[in-house]
Amino acid sequence: MQIETALLIGALFGCATYLILQNSFVRILFGFVVLTNAANLLVLSMSGNPAGRHAPIVGSVARPLVDPLPQALILTAIVIGFGVTAYLVLLLYRIFLDQRTTNAAELYEDQDTSEHT
Amino acid sequence: MESNGILLLVAVVLPLLGAPLVALAGRGLGRRVGWLAFAFPLISAGTLLSLAARIGLPGSEVIEWPWIPTFGIQFSFLLDGLSLFFALVVSGVGVLIFFYANFYLDDHYEHHGRFYCYLTLFMAAMLGTVLANNLMLLFVFWELTGLASFLLIGFLHHEEKSRIGARQALLITGFTGLLMLAGVIMVWLVTGTYDLAVLLGSGLPLAEHRGWLTAAMVLLLLGAFGKSAQFPLQFWLPNAMAAPTPVSAYLHSATMVKLGVFLCARIFPLFVENGLWAPLLTLVAFTTMLLGAVLALLANDLKAILAFSTVSQLGYLIGYYGLGPAHGVEYDYLHILNHVFYKGCLFMVAGIVIHAAGVQDIRQLGGLRRRMPWLAGVCLIAAATMAGVPGTTGFLSKETMLKEIFEAMNGHGALGIYATTCVVLTSLAKVAFSFRFFANVFLGEESEAVKKNFHAPPPAILAPPLILAGGALLLGLWTGPLDALMRGLAVEGLHQSAPHLALWHGPTTELFVSLAVMLLGLGVFVLGQRTAWRWAAIPRRLRFDEYFETGIEHFSKFTKWLTRFLRADKPVDYLPVIIAFTLCVVGGFMGYALWPSVRESAGAWTWDALAPHPVRSFVAALIALSVVGVLILRRWTTQLISLSVAGFLTTFYYVLYRAPDLALTQILIEVVTLFLILILLGRFPRSSELGEIIHRPSLARRRLNVVLSLGVGILMTTFILWFNAVPHPDRIGRFFTERTVELAEGRNAVNTILVDFRGFDTLGEITVLVIAMLGGLGLLMRYKRTPEEYQEGPMGPPGLGIKHSERREEP
């Protein structure tokens with residue numbers, strides 16, 4: 001049982017959700033980064049309790065190893081998560097340049113007023 | 001078997017494959033492409049005739065190729081009397097219609113290739129539907145006919161009424177077709193087969209699965225009602241008359257709308273024992289019949305009169321199966337053939353008249369007998385057939401119908417009386433509008449519109465209606481071939497041995513009723529002539545299409561309102577809706593489906609097992625603390641530092657989970673992310689940061705955010721606890737650790753998975769990175785530099801030409 005990991009992941013997901021629900025670009029971005037980490041840890045918890053096991057490097061002596069598959073998946077996920085984060089950073093920058101705001105709600109407020117007039 | 005299969009493929013699949021070629025050839029050939037397309041119905045009719053000869057009717061044969069055998073779906077065809085009868089009608093009328101269309105679609109029309117492509121496609125789909133043995137195949141072809149019909153009705157799509165008519169036809173036939181699919185699947189669930197021949201052979205277990213099969217029957221019949229324009233869906237058929245007349249004559253009178261009739265005949269042996277069969281079919285069909293006849297009497301448009309009378313006649317044909325005794329019907333082929341004769345003929349006549357006179361309102365026509373005497377003769381025969389005048393097939397059809405209805409009156413009680421009333425009233429109206437159709441177009445004084453617009457049609461266009469009218473007259477007088485046809489094409493279960501047809505049955509009740517109806521109908525006609533049909537107009541209340549259009553309009557308004565209500569057009573407000581919905585669905589599912597297994601595993605939840613690992617707990621608390629810092633802190637830079645701390649601590653957490661590769665990667669990525677976000681924050685104006693602190697969302701919204709976040713957190717924690725409560729006995733990861741040295745020559749299993757076992761996944765990962773990089777580059781370079789910026793040098797100011805120093809001060 002990995003009670004502390006479960007609680008940590010729950011806390012990370014909760015915080016990430018709260019950040020993403022904000023209007024500020026910066027907070028949304030931070031929320032996304034936290035969400036990436038939370039998802040990675042979620043997959044990691046699937047490899048089971050590591051107590052009494054070793055890193056998945058096969059040695060000459062036979063010994064219990066942790067499951068390598070979640071780790072391989074996470075390794076890929078970390079890199080892809082970074083790629084998406086980088087794209088998000090540039091996207092927010094672009095929106096700021098075009099719309100002159102770092103507040104997501106303001107984007108749509110502008111749209112409303114232009115529709116009505 | 002082998003050669004029969006080839007013949008069948010030639011009849012059905014050749015036009016299907018040939019249709020696109022017709023469209024291609026139309027580009028070069030123009031209107032002459034019609035003669036190329038004319039070959040397809042000829043070939044199909046010929047091969048079907050030879051097939052009918054080879055099978056040795058009244059036998060039957062199944063020709064089958066595997067298609068999706070896993071699901072019991074075969075490319076399978078059933079050749080028996082019923083399917084061959086319909087197939088021959090389709091291809092035979094097809095020959096006449098293609099011929100007719102070649103004269104009708106003159107150079108005023110465009111896109112001849114496309115038109116004949118649709119028409120050929122339609123014919124192939126029709127043949128496939130009536131010949132199909134597998135119910136799934138039947139459904140596929142069935143919907144294909146609806147699609148071709150949609151394209152043909154909307155062929156003149158620059159006119160609004162064509163578009164509306166096409167949309168109505170597609171929505172109604174398509175939707176009811178889906179209901180039919182549900183019925184087909186329900187039959188499959190009960191019997192385990194889609195094979196019609198098998199089902200007809202063994203019958204349905206009606207007694208054991210009563211409710212289920214009744215539902216299946218109702219669904220199948222709804223499909224038939226939609227296709228055959230039965231009440232209350234009858235309104236699409238008159239609106240489908242916006243199509244060019246050959247299409248109206250072919251699809252919407254002679255063939256496609258008869259698919260409902262065909263389906264009723266096909267499933268008659270399966271469901272006739274069901275208690276709901278007779279009342280459902282009788283009520284719906286005979287109501288349609290009466291309504292259609294009344295509306296035909298009230299209509300003024302030539303094609304509308306014919307369209308409503310088609311609706312009426314379809315009710316007649318379907319109702320006939322409804323009242324049929326359980327051991328089989330007798331004269332269904334006669335009724336269908338009779339309708340094909342006169343209605344196809346009348347539509348072609350109407351088309352010629354519209355073409356020649358340029359108007360299609362019957363009140364503006366008249367006196368055409370002098371200009372087109374031959375056409376008048378043809379029309380007279382066809383109208384007499386429609387009215388049921390002795391000496392035509394119409395008379396035979398009406399006599400036999402009346403006879404059976406009188407018999408059914410004894411058997412079916414109230415239903416029989418209702419049917420009789422409807423049939424008598426309908427026959428009366430039919431007599432009246434048949435005479436009106438002929439008299440007001442061909443007799444009387446020549447109208448102004450005719451004098452002004454008339455141009456003579458080519459004489460050859462008269463051939464197809466002449467053939468049909470000739471058939472009606474000839475077979476009406478000489479019943480021998482009809483007898484032989486009905487006997488030869490009889491299908492076991494559907495037909496009882498057909499008795500002899502005769503012109504003169506003696507002085508029976510039917511004859512007197514028939515005469516009375518004829519006289520009364522003439523009376524109505526004379527009355528109409530006296531009053532110049534001033535009362536003839538379709539009341540708005542009976543125009544169901546208006547309700548349908550209003551319904552469609554309201555539906556689209558409703559969806560728009562729903563979108564606005566859920567704030568789907570505003571992501572900022574829509575996100576909470578999505579998250580709340582996910583929470584409800586996933587949380588609800590977990591609570592409902594997983595709770596028992598969680599309770600079972602409760603034994604494993606001892607304190608020892610739950611006892612947290614001290615080092616991990618410490619690190620986890622630190623990570624959580626620093627992430628909460630991101631929430632609480634107000635300055636962007638401090639938030640970022642807090643976030644980075646959490647990231648680096650996660651590295652340590654990976655180490656605790658015996659994952660050195662992950663820890664290495666995480667450190668590198670964390671550093672790069674830190675720099676990247678730092679650069680971004682440097683470019684955002686400070687005023688925005690201060691604005692965030694001042695302008696916070698409303699209290700209610702913040703509370704909602706907290707509730708949603710707590711919900712997500714609790715859900716994820718529960719999920720992990722539940723998942724880890726029962727470890728999987730056979731992990732796939734064991735394979736990699738056991739075989740990594742042997743297969744991949746590497747000791748580190750994580751590395752070998754990435755570069756060897758799942759190498760292509762890594763390639764995909766790299767591709768994602770490349771796409772993200774290209775996308776990011778595109779975002780940066782979209783800014784077009786002004787000439788002044790351009791002159792500052794090849795690279796311009798920092799940020800690929802973006803002067804952020806100026807912009808920072810602006811907001």
# chains A, B, ... in the order shown; residues from 1 in each chain; ligands from 1

$ closest_atom_pairs --of "chain B" --to "chain A" --cutoff "7 Å" --atoms "only C-alpha atoms" --output "tab-separated table"
residue	atom	partner	partner_atom	distance
B:Lys570	CA	A:Tyr108	CA	6.8
B:Val572	CA	A:Ala105	CA	6.3
B:Ala609	CA	A:Met1	CA	5.7
B:Leu610	CA	A:Met1	CA	5.7
B:Pro612	CA	A:Glu4	CA	5.9
B:Ser617	CA	A:Glu4	CA	5.6
B:Ala620	CA	A:Leu8	CA	5.8
B:Ala624	CA	A:Leu8	CA	6.5
B:Val628	CA	A:Cys15	CA	7.0
B:Tyr657	CA	A:Pro50	CA	5.7
B:Arg658	CA	A:Ala55	CA	4.6
B:Ala659	CA	A:Ala55	CA	6.0
B:Leu662	CA	A:Leu75	CA	5.9
B:Ile669	CA	A:Phe82	CA	6.7
B:Ile677	CA	A:Val89	CA	6.8
B:Leu680	CA	A:Tyr93	CA	6.8
B:Ser688	CA	A:Thr102	CA	6.5
B:Asn705	CA	A:Tyr18	CA	5.9
B:Val706	CA	A:Tyr18	CA	6.5
B:Ser709	CA	A:Gly14	CA	4.4
B:Leu710	CA	A:Gly14	CA	5.6
B:Val712	CA	A:Gly14	CA	5.6
B:Gly713	CA	A:Gly10	CA	4.0
B:Ile714	CA	A:Gly10	CA	5.9
B:Met716	CA	A:Gly10	CA	5.2
B:Thr717	CA	A:Gly10	CA	4.7
B:Ile720	CA	A:Ala6	CA	5.8
B:Leu721	CA	A:Ala6	CA	6.4
B:Asn724	CA	A:Met1	CA	6.5
B:Ala725	CA	A:Met1	CA	6.9
B:Gly733	CA	A:Asp67	CA	5.1
B:Arg734	CA	A:Asp67	CA	6.8
B:Thr737	CA	A:Val58	CA	6.8
B:Arg747	CA	A:Val58	CA	4.9
B:Asn748	CA	A:Ile57	CA	4.3
B:Ala749	CA	A:Pro56	CA	5.8
B:Val750	CA	A:Ala72	CA	5.2
B:Ile753	CA	A:Ala72	CA	6.6
B:Leu754	CA	A:Ala72	CA	6.3
B:Glu765	CA	A:Ile80	CA	6.4
B:Val768	CA	A:Ile80	CA	6.8
B:Leu769	CA	A:Gly83	CA	5.4
B:Ala772	CA	A:Tyr87	CA	5.8
B:Gly776	CA	A:Tyr87	CA	5.3
B:Leu779	CA	A:Arg94	CA	6.3
B:Leu780	CA	A:Arg94	CA	6.8
B:Pro811	CA	A:Arg100	CA	6.9

$ residues_around --residues "Ala490 in chain B" --least-positions-apart "4" --cutoff "9 Å" --atoms "only C-alpha atoms" --output "VMD selection string"
chain B and resid 57 to 58 80 to 82 330 485 to 486 494 to 498

$ select_by_dssp --residues "chain A" --states "strand (DSSP E or B)" --output "PyMOL selection string"
chain A and resi 24+54+57+65+103

$ atom_distance --atom1 "CA of Val187 in chain B" --atom2 "CA of Ala229 in chain B"
23.9 Å

$ select_by_dssp --residues "range 341-529 of chain B" --states "alpha helix (DSSP H)" --output "number ranges by chain"
B: 341-357, 373-387, 393-412, 414-442, 448-453, 463-477, 480-488, 509-529
